[in-house]
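Have a look at input.cif; it's mmCIF, C-alpha atoms:
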data_model
#
loop_
_atom_site.label_atom_id
_atom_site.label_comp_id
_atom_site.auth_asym_id
_atom_site.auth_seq_id
_atom_site.Cartn_x
_atom_site.Cartn_y
_atom_site.Cartn_z
CA MET K 154 -12.74 -1.90 -9.47
CA VAL K 155 -10.09 0.40 -8.02
CA LEU K 156 -8.86 3.39 -9.99
CA VAL K 157 -6.39 6.11 -9.00
CA GLN K 158 -6.44 8.74 -11.71
CA GLU K 159 -6.07 12.43 -12.53
CA ALA K 160 -9.23 12.51 -14.65
CA ASP K 161 -12.64 13.40 -13.28
CA PHE K 162 -15.28 10.66 -12.97
CA ASN K 163 -18.91 10.34 -14.03
CA VAL K 164 -21.12 9.23 -11.14
CA GLN K 165 -23.96 8.09 -13.42
CA ALA K 166 -21.65 5.80 -15.41
CA LEU K 167 -20.09 4.38 -12.23
CA TYR K 168 -23.58 3.78 -10.82
CA GLN K 169 -24.66 1.89 -13.94
CA ASP K 170 -21.59 -0.37 -13.63
CA LEU K 171 -22.56 -1.19 -10.03
CA CYS K 172 -26.02 -2.40 -11.14
CA ILE K 173 -24.96 -5.15 -13.55
CA ALA K 174 -25.80 -8.14 -11.30
CA ASN K 175 -29.48 -9.15 -11.46
CA ASP K 176 -29.70 -9.56 -7.71
CA THR K 177 -28.64 -5.97 -6.99
CA GLY K 178 -31.19 -4.61 -4.54
CA ALA K 179 -29.20 -1.73 -3.10
CA VAL K 180 -26.45 0.64 -4.18
CA ALA K 181 -24.79 3.01 -1.69
CA MET K 182 -22.47 5.67 -3.05
CA PHE K 183 -20.30 8.39 -1.53
CA VAL K 184 -18.64 11.29 -3.35
CA GLY K 185 -15.98 13.40 -1.63
CA ARG K 186 -15.43 16.90 -3.00
CA VAL K 187 -12.99 19.79 -2.55
CA ARG K 188 -14.78 22.29 -0.32
CA GLN K 189 -13.73 25.90 0.06
CA PHE K 190 -10.75 25.59 2.41
CA THR K 191 -9.90 29.29 2.71
CA GLU K 192 -11.78 31.75 4.90
CA GLN K 193 -12.47 34.01 1.93
CA VAL K 194 -13.19 32.99 -1.63
CA ASP K 195 -9.89 32.64 -3.52
CA GLN K 196 -10.31 31.89 -7.22
CA ASP K 197 -6.70 30.73 -7.46
CA ALA K 198 -6.83 28.37 -4.48
CA SER K 199 -5.77 24.86 -5.44
CA PHE K 200 -5.34 21.53 -3.88
CA LEU K 201 -2.70 18.92 -4.71
CA LEU K 202 -3.25 15.23 -4.06
CA GLU K 203 -0.07 13.17 -4.05
CA HIS K 204 0.00 9.39 -3.91
CA TYR K 205 2.49 6.51 -3.88
CA PRO K 206 1.92 4.70 -7.20
CA GLY K 207 1.56 0.99 -6.61
CA MET K 208 1.24 1.17 -2.84
CA THR K 209 -1.89 3.35 -2.92
CA GLU K 210 -3.71 0.89 -5.19
CA ARG K 211 -2.60 -2.01 -2.98
CA ASN K 212 -3.85 -0.20 0.12
CA ILE K 213 -7.29 0.34 -1.47
CA GLU K 214 -7.51 -3.24 -2.80
CA LYS K 215 -6.81 -4.48 0.74
CA ILE K 216 -9.59 -2.29 2.18
CA VAL K 217 -12.04 -3.53 -0.48
CA THR K 218 -11.07 -7.16 0.20
CA GLU K 219 -11.67 -6.62 3.92
CA ALA K 220 -15.10 -5.08 3.20
CA LYS K 221 -16.02 -8.07 1.00
CA GLN K 222 -15.07 -10.43 3.82
CA ARG K 223 -17.28 -8.55 6.28
CA TRP K 224 -20.41 -8.11 4.15
CA PRO K 225 -21.99 -10.01 1.24
CA LEU K 226 -21.29 -7.45 -1.49
CA LEU K 227 -21.95 -7.76 -5.21
CA ALA K 228 -19.66 -5.04 -6.54
CA VAL K 229 -17.36 -2.36 -5.16
CA THR K 230 -15.94 0.61 -7.05
CA VAL K 231 -13.39 3.06 -5.67
CA VAL K 232 -12.12 5.95 -7.79
CA HIS K 233 -9.68 8.38 -6.16
CA ARG K 234 -8.33 11.36 -8.03
CA VAL K 235 -4.77 12.68 -7.73
CA GLY K 236 -2.97 15.74 -9.05
CA GLU K 237 -4.12 19.34 -8.91
CA LEU K 238 -7.76 19.94 -7.98
CA ARG K 239 -9.83 23.03 -7.31
CA VAL K 240 -12.75 23.96 -5.08
CA ASP K 241 -15.92 22.11 -6.18
CA ASP K 242 -13.96 19.31 -7.92
CA GLN K 243 -14.83 15.73 -7.11
CA ILE K 244 -12.04 13.86 -5.25
CA VAL K 245 -13.25 10.38 -4.44
CA PHE K 246 -16.05 7.97 -5.32
CA VAL K 247 -16.96 4.90 -3.29
CA GLY K 248 -19.82 2.74 -4.55
CA VAL K 249 -21.07 -0.54 -3.16
CA SER K 250 -23.86 -2.80 -4.43
CA SER K 251 -25.51 -5.61 -2.53
CA ALA K 252 -28.82 -7.42 -2.21
CA HIS K 253 -30.00 -5.32 0.77
CA ARG K 254 -29.38 -1.78 1.95
CA ALA K 255 -27.80 -2.36 5.38
CA GLU K 256 -24.62 -3.96 4.06
CA ALA K 257 -24.30 -1.43 1.23
CA PHE K 258 -24.49 1.53 3.66
CA GLN K 259 -22.11 -0.07 6.15
CA ALA K 260 -19.54 -1.21 3.60
CA CYS K 261 -19.50 2.22 1.92
CA ASP K 262 -18.94 3.90 5.31
CA PHE K 263 -16.24 1.36 6.24
CA ILE K 264 -14.32 1.78 2.97
CA MET K 265 -14.42 5.57 3.24
CA ASP K 266 -13.20 5.48 6.86
CA TYR K 267 -10.26 3.27 5.93
CA LEU K 268 -9.43 5.31 2.82
CA LYS K 269 -8.90 8.31 5.10
CA SER K 270 -6.34 6.59 7.31
CA ARG K 271 -4.96 3.55 5.46
CA ALA K 272 -4.36 4.62 1.88
CA ALA K 273 -1.25 6.48 0.76
CA PHE K 274 -2.57 9.91 -0.23
CA TRP K 275 -1.42 13.32 0.94
CA LYS K 276 -3.13 16.68 0.44
CA LYS K 277 -1.44 20.03 -0.04
CA GLU K 278 -3.44 23.26 -0.04
CA THR K 279 -2.29 26.37 -1.87
CA SER K 280 -3.89 29.75 -1.44
CA GLN K 281 -2.56 33.27 -2.02
CA GLY K 282 0.87 31.90 -2.91
CA GLN K 283 1.18 29.93 0.35
CA SER K 284 1.21 26.13 0.42
CA HIS K 285 0.98 23.70 3.27
CA TRP K 286 0.57 19.95 3.67
CA VAL K 287 -2.70 19.06 5.39
CA GLU K 288 -2.16 17.31 8.73
CA ALA K 289 -3.93 14.05 9.51
CA LYS K 290 -6.84 14.39 11.93
CA ALA K 291 -6.95 12.31 15.10
CA ALA K 292 -10.71 12.01 14.57
CA ASP K 293 -10.13 10.06 11.32
CA GLU K 294 -7.94 7.52 13.10
CA ALA K 295 -10.38 7.33 16.03
CA SER K 296 -13.23 6.67 13.60
CA LEU K 297 -11.66 3.32 12.69
CA GLU K 298 -12.36 2.03 16.20
CA ARG K 299 -16.03 1.74 15.22
CA TRP K 300 -15.08 -1.20 13.01
CA SER K 301 -12.98 -3.21 15.44
CA LYS K 302 -14.56 -6.57 15.89
CA MET J 26 22.95 -4.24 -0.88
CA LYS J 27 21.23 -1.12 -2.12
CA ILE J 28 17.82 -0.02 -0.83
CA ASN J 29 15.84 2.61 -2.70
CA VAL J 30 14.34 5.17 -0.29
CA LEU J 31 11.44 7.31 -1.48
CA PHE J 32 10.09 10.46 0.19
CA PHE J 33 6.50 11.65 -0.16
CA ALA J 34 4.64 14.86 0.73
CA SER J 35 6.31 16.82 3.56
CA ALA J 36 9.08 14.20 3.79
CA LYS J 37 10.28 15.49 0.40
CA ASP J 38 10.57 18.96 1.94
CA VAL J 39 12.39 17.58 4.98
CA PHE J 40 15.01 15.76 2.86
CA ARG J 41 14.91 18.26 -0.02
CA CYS J 42 14.68 15.42 -2.56
CA ALA J 43 12.23 12.73 -3.70
CA ALA J 44 14.47 9.65 -3.46
CA THR J 45 17.87 8.39 -2.48
CA ASP J 46 19.79 5.12 -2.28
CA VAL J 47 21.11 3.66 0.95
CA VAL J 48 23.61 0.81 1.13
CA LEU J 49 22.82 -1.63 3.94
CA GLU J 50 25.27 -4.40 4.84
CA GLU J 51 22.76 -6.10 7.11
CA ALA J 52 19.15 -5.84 8.25
CA CYS J 53 18.28 -2.86 10.42
CA THR J 54 15.08 -1.44 11.91
CA VAL J 55 13.08 1.31 10.26
CA LEU J 56 14.07 3.53 13.20
CA ALA J 57 17.79 2.86 12.61
CA LEU J 58 17.35 3.67 8.93
CA LYS J 59 15.59 6.93 9.87
CA GLN J 60 18.52 7.81 12.16
CA GLN J 61 21.01 7.06 9.40
CA LEU J 62 19.12 9.22 6.92
CA ALA J 63 18.75 12.10 9.40
CA SER J 64 22.50 12.09 9.91
CA GLN J 65 23.30 11.68 6.20
CA PHE J 66 21.02 14.56 5.17
CA ASP J 67 21.78 16.69 8.23
CA VAL J 68 18.10 16.85 9.18
CA PRO J 69 16.92 17.13 12.82
CA LEU J 70 16.16 13.60 14.05
CA ALA J 71 12.85 14.73 15.57
CA GLU J 72 11.63 15.71 12.07
CA VAL J 73 12.47 12.27 10.71
CA GLU J 74 11.25 10.23 13.68
CA LYS J 75 7.70 11.52 13.32
CA LEU J 76 7.47 10.30 9.71
CA ARG J 77 5.66 7.04 8.91
CA ALA J 78 7.24 4.32 6.77
CA SER J 79 6.60 1.49 4.38
CA ILE J 80 8.75 -1.47 3.36
CA ASP J 81 8.18 -2.72 -0.20
CA GLN J 82 4.86 -0.85 -0.24
CA ASP J 83 3.45 -2.24 3.02
CA PHE J 84 2.99 0.09 6.00
CA ALA J 85 5.77 -0.55 8.53
CA ARG J 86 6.48 0.34 12.15
CA ASP J 87 9.72 1.71 13.58
CA GLU J 88 10.65 -1.69 14.99
CA ASP J 89 10.14 -3.58 11.70
CA LEU J 90 13.26 -4.86 9.97
CA VAL J 91 14.51 -3.67 6.61
CA ASP J 92 16.43 -6.60 5.20
CA PRO J 93 18.61 -5.80 2.18
CA GLN J 94 18.46 -9.49 1.16
CA GLN J 95 14.66 -9.35 0.87
CA HIS J 96 13.57 -5.76 0.46
CA ARG J 97 14.12 -3.26 -2.32
CA GLU J 98 12.19 -0.13 -1.35
CA VAL J 99 11.47 1.90 1.77
CA ALA J 100 9.36 5.05 1.81
CA LEU J 101 9.04 7.78 4.42
CA PHE J 102 6.01 10.06 4.58
CA PRO J 103 3.74 11.92 7.01
CA PRO J 104 0.45 10.39 8.22
CA VAL J 105 -1.86 9.95 5.22
CA THR J 106 -4.66 12.42 4.43
CA GLY J 107 -6.72 10.87 1.64
CA GLY J 108 -10.43 10.75 0.96
#
With the file now loaded, output its structure as structure tokens.
Amino acid sequence: MVLVQEADFNVQALYQDLCIANDTGAVAMFVGRVRQFTEQVDQDASFLLEHYPGMTERNIEKIVTEAKQRWPLLAVTVVHRVGELRVDDQIVFVGVSSAHRAEAFQACDFIMDYLKSRAAFWKKETSQGQSHWVEAKAADEASLERWSK
Amino acid sequence: MKINVLFFASAKDVFRCAATDVVLEEACTVLALKQQLASQFDVPLAEVEKLRASIDQDFARDEDLVDPQQHREVALFPPVTGG
């Protein structure tokens, strides 16, 4: 399941959905959150996540398909929020279920790595009336090399 | 043939709009389309060249061809920062 939405998500409910198959022996989950991105606490600081409707979902589906080809997975759920978010809000959920833990951990890590660099999302930070688009990190791109066959 | 060009994130600031239409008589590379848009919008080419692109919602490289007979939509945007 791939969802791109403004609404928050409930980790417990998403976890339950990942456990439906009887042969589920492992569930690995990752939650990304908005951390404090200003040096000092700013109650009005906000964070805008823009996406490319249609393409973003296709990008994520492709990443999930690739993960399913690499590991024997039972279920995969990706929920990515868009719109205006604030410090402490949840941004992204990646959940993977499988028979054994190794593939669940690896697939969750793989999907998250590719989401960073191969899905059409852009972040803009606003604090004290100043906004700027967050620049992509070279480390995120470099991290993908771990997965080259 | 008309191609719809979309701008996302900082590309919207560069072009000061979210979308435009470009008429292409024949296929051209993404780079050539960027050069045409830079000239049309009077934007420094260096600003446009560093943007990434997609053709019909698939990531594309500068050397990829935009073919008005096949394609409907091109987007320009900075490197993605999701997750």
Handout entry: Selection: 8 Å around Ser250 (chain K), only C-alpha atoms, excl. self and same-chain fewer than 5 positions, as a list of chain:residue names
Key = K:Leu171, K:Cys172, K:Thr177, K:Gly178, K:Ala179, K:Val180, K:Ala181, K:Leu226, K:Leu227, K:Ala228, K:Val229, K:Ala257
Residue selection dump (C-alpha atoms) as a compact mmCIF listing (two decimals), keeping the file's coordinate frame:
# COMPACT_ATOMS: atom_id res chain seq x y z
CA LEU K 171 -22.56 -1.19 -10.03
CA CYS K 172 -26.02 -2.40 -11.14
CA THR K 177 -28.64 -5.97 -6.99
CA GLY K 178 -31.19 -4.61 -4.54
CA ALA K 179 -29.20 -1.73 -3.10
CA VAL K 180 -26.45 0.64 -4.18
CA ALA K 181 -24.79 3.01 -1.69
CA LEU K 226 -21.29 -7.45 -1.49
CA LEU K 227 -21.95 -7.76 -5.21
CA ALA K 228 -19.66 -5.04 -6.54
CA VAL K 229 -17.36 -2.36 -5.16
CA ALA K 257 -24.30 -1.43 1.23
Per residue of chain J within 10 Å of chain K, which atom pair is closest and at what distance in Å (one decimal), using only C-alpha atoms, listed by chain and increasing number, as a tab-separated table?
residue	atom	partner	partner_atom	distance
J:Leu31	CA	K:Tyr205	CA	9.3
J:Phe32	CA	K:Tyr205	CA	9.5
J:Phe33	CA	K:Tyr205	CA	7.5
J:Ala34	CA	K:Trp275	CA	6.3
J:Ser35	CA	K:Trp286	CA	6.5
J:Ser79	CA	K:Met208	CA	9.0
J:Asp81	CA	K:Met208	CA	8.4
J:Gln82	CA	K:Met208	CA	4.9
J:Asp83	CA	K:Met208	CA	7.1
J:Phe84	CA	K:Arg271	CA	8.7
J:Ala100	CA	K:Tyr205	CA	9.0
J:Phe102	CA	K:Trp275	CA	8.9
J:Pro103	CA	K:Trp275	CA	8.1
J:Pro104	CA	K:Ala289	CA	5.9
J:Val105	CA	K:Trp275	CA	5.5
J:Thr106	CA	K:Trp275	CA	4.8
J:Gly107	CA	K:Phe274	CA	4.7
J:Gly108	CA	K:Lys269	CA	5.0
Could you state which residues are captured by the PyMOL selection byres ((chain K and resi 299) around 12) in this file, as a PDB file with C-alpha atoms, in the frame of the given file?
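File produced: part02.pdb:
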ATOM      1  CA  GLN K 259     -22.110  -0.070   6.150  1.00  0.00           C
ATOM      2  CA  ASP K 262     -18.940   3.900   5.310  1.00  0.00           C
ATOM      3  CA  PHE K 263     -16.240   1.360   6.240  1.00  0.00           C
ATOM      4  CA  ASP K 266     -13.200   5.480   6.860  1.00  0.00           C
ATOM      5  CA  TYR K 267     -10.260   3.270   5.930  1.00  0.00           C
ATOM      6  CA  ALA K 292     -10.710  12.010  14.570  1.00  0.00           C
ATOM      7  CA  ASP K 293     -10.130  10.060  11.320  1.00  0.00           C
ATOM      8  CA  GLU K 294      -7.940   7.520  13.100  1.00  0.00           C
ATOM      9  CA  ALA K 295     -10.380   7.330  16.030  1.00  0.00           C
ATOM     10  CA  SER K 296     -13.230   6.670  13.600  1.00  0.00           C
ATOM     11  CA  LEU K 297     -11.660   3.320  12.690  1.00  0.00           C
ATOM     12  CA  GLU K 298     -12.360   2.030  16.200  1.00  0.00           C
ATOM     13  CA  TRP K 300     -15.080  -1.200  13.010  1.00  0.00           C
ATOM     14  CA  SER K 301     -12.980  -3.210  15.440  1.00  0.00           C
ATOM     15  CA  LYS K 302     -14.560  -6.570  15.890  1.00  0.00           C
TER      16      LYS K 302
END
Practice task
Give me, please, the distance in Å between CA of Ile216 (chain K) and CA of Phe183 (chain K), quoted to one decimal.
Solution key: 15.6 Å
Practice task
Would you translate the PyMOL selection byres ((chain K and resi 163) around 12) into the concrete set of residues it matches in this file, as a ChimeraX atom specification?
Solution key: /K:160-162,164-170,184,232,242-246
Problem - Ground truth for the PyMOL selection byres ((chain K and resi 225) around 9), written as a PyMOL selection string - result: chain K and resi 220-224+226-227+251-252+256-257
Exercise for the section: Please check which residues have atoms at most 12 Å from (14.5, 13.0, -6.7) in the file's coordinates, counting all atoms listed in the file, and write them as a count of residues only. Expected result: 15
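As for CA of Asp92 (chain J) and CA of Gln61 (chain J), they are spaced 15.0 Å apart.
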Problem - Interatomic distance, CA of Asp89 (chain J) to CA of Lys27 (chain J) (Å, one decimal) - result: 17.9 Å
Problem - Residue contacts of Gln65 (chain J) (10 Å, all atoms listed in the file) excluding same-chain residues fewer than 5 positions away, as a PyMOL selection string - result: chain J and resi 40+47+59-60
Problem - Contact residues around region 189-191 of chain K with all atoms listed in the file at 9 Å, ignoring same-chain residues under 2 positions, as a list in words - result: Val187, Gln193, Val194, Asp195, Ala198, Arg239, Val240, Asp241, Glu278 and Ser280 of chain K
Since we have the selection now, will you write its residues out, keeping C-alpha atoms, as an mmCIF file, in the frame of the given file?
data_model
loop_
_atom_site.group_PDB
_atom_site.id
_atom_site.type_symbol
_atom_site.label_atom_id
_atom_site.label_comp_id
_atom_site.auth_asym_id
_atom_site.auth_seq_id
_atom_site.Cartn_x
_atom_site.Cartn_y
_atom_site.Cartn_z
ATOM 1 C CA VAL K 187 -12.990 19.790 -2.550
ATOM 2 C CA GLN K 193 -12.470 34.010 1.930
ATOM 3 C CA VAL K 194 -13.190 32.990 -1.630
ATOM 4 C CA ASP K 195 -9.890 32.640 -3.520
ATOM 5 C CA ALA K 198 -6.830 28.370 -4.480
ATOM 6 C CA ARG K 239 -9.830 23.030 -7.310
ATOM 7 C CA VAL K 240 -12.750 23.960 -5.080
ATOM 8 C CA ASP K 241 -15.920 22.110 -6.180
ATOM 9 C CA GLU K 278 -3.440 23.260 -0.040
ATOM 10 C CA SER K 280 -3.890 29.750 -1.440
#
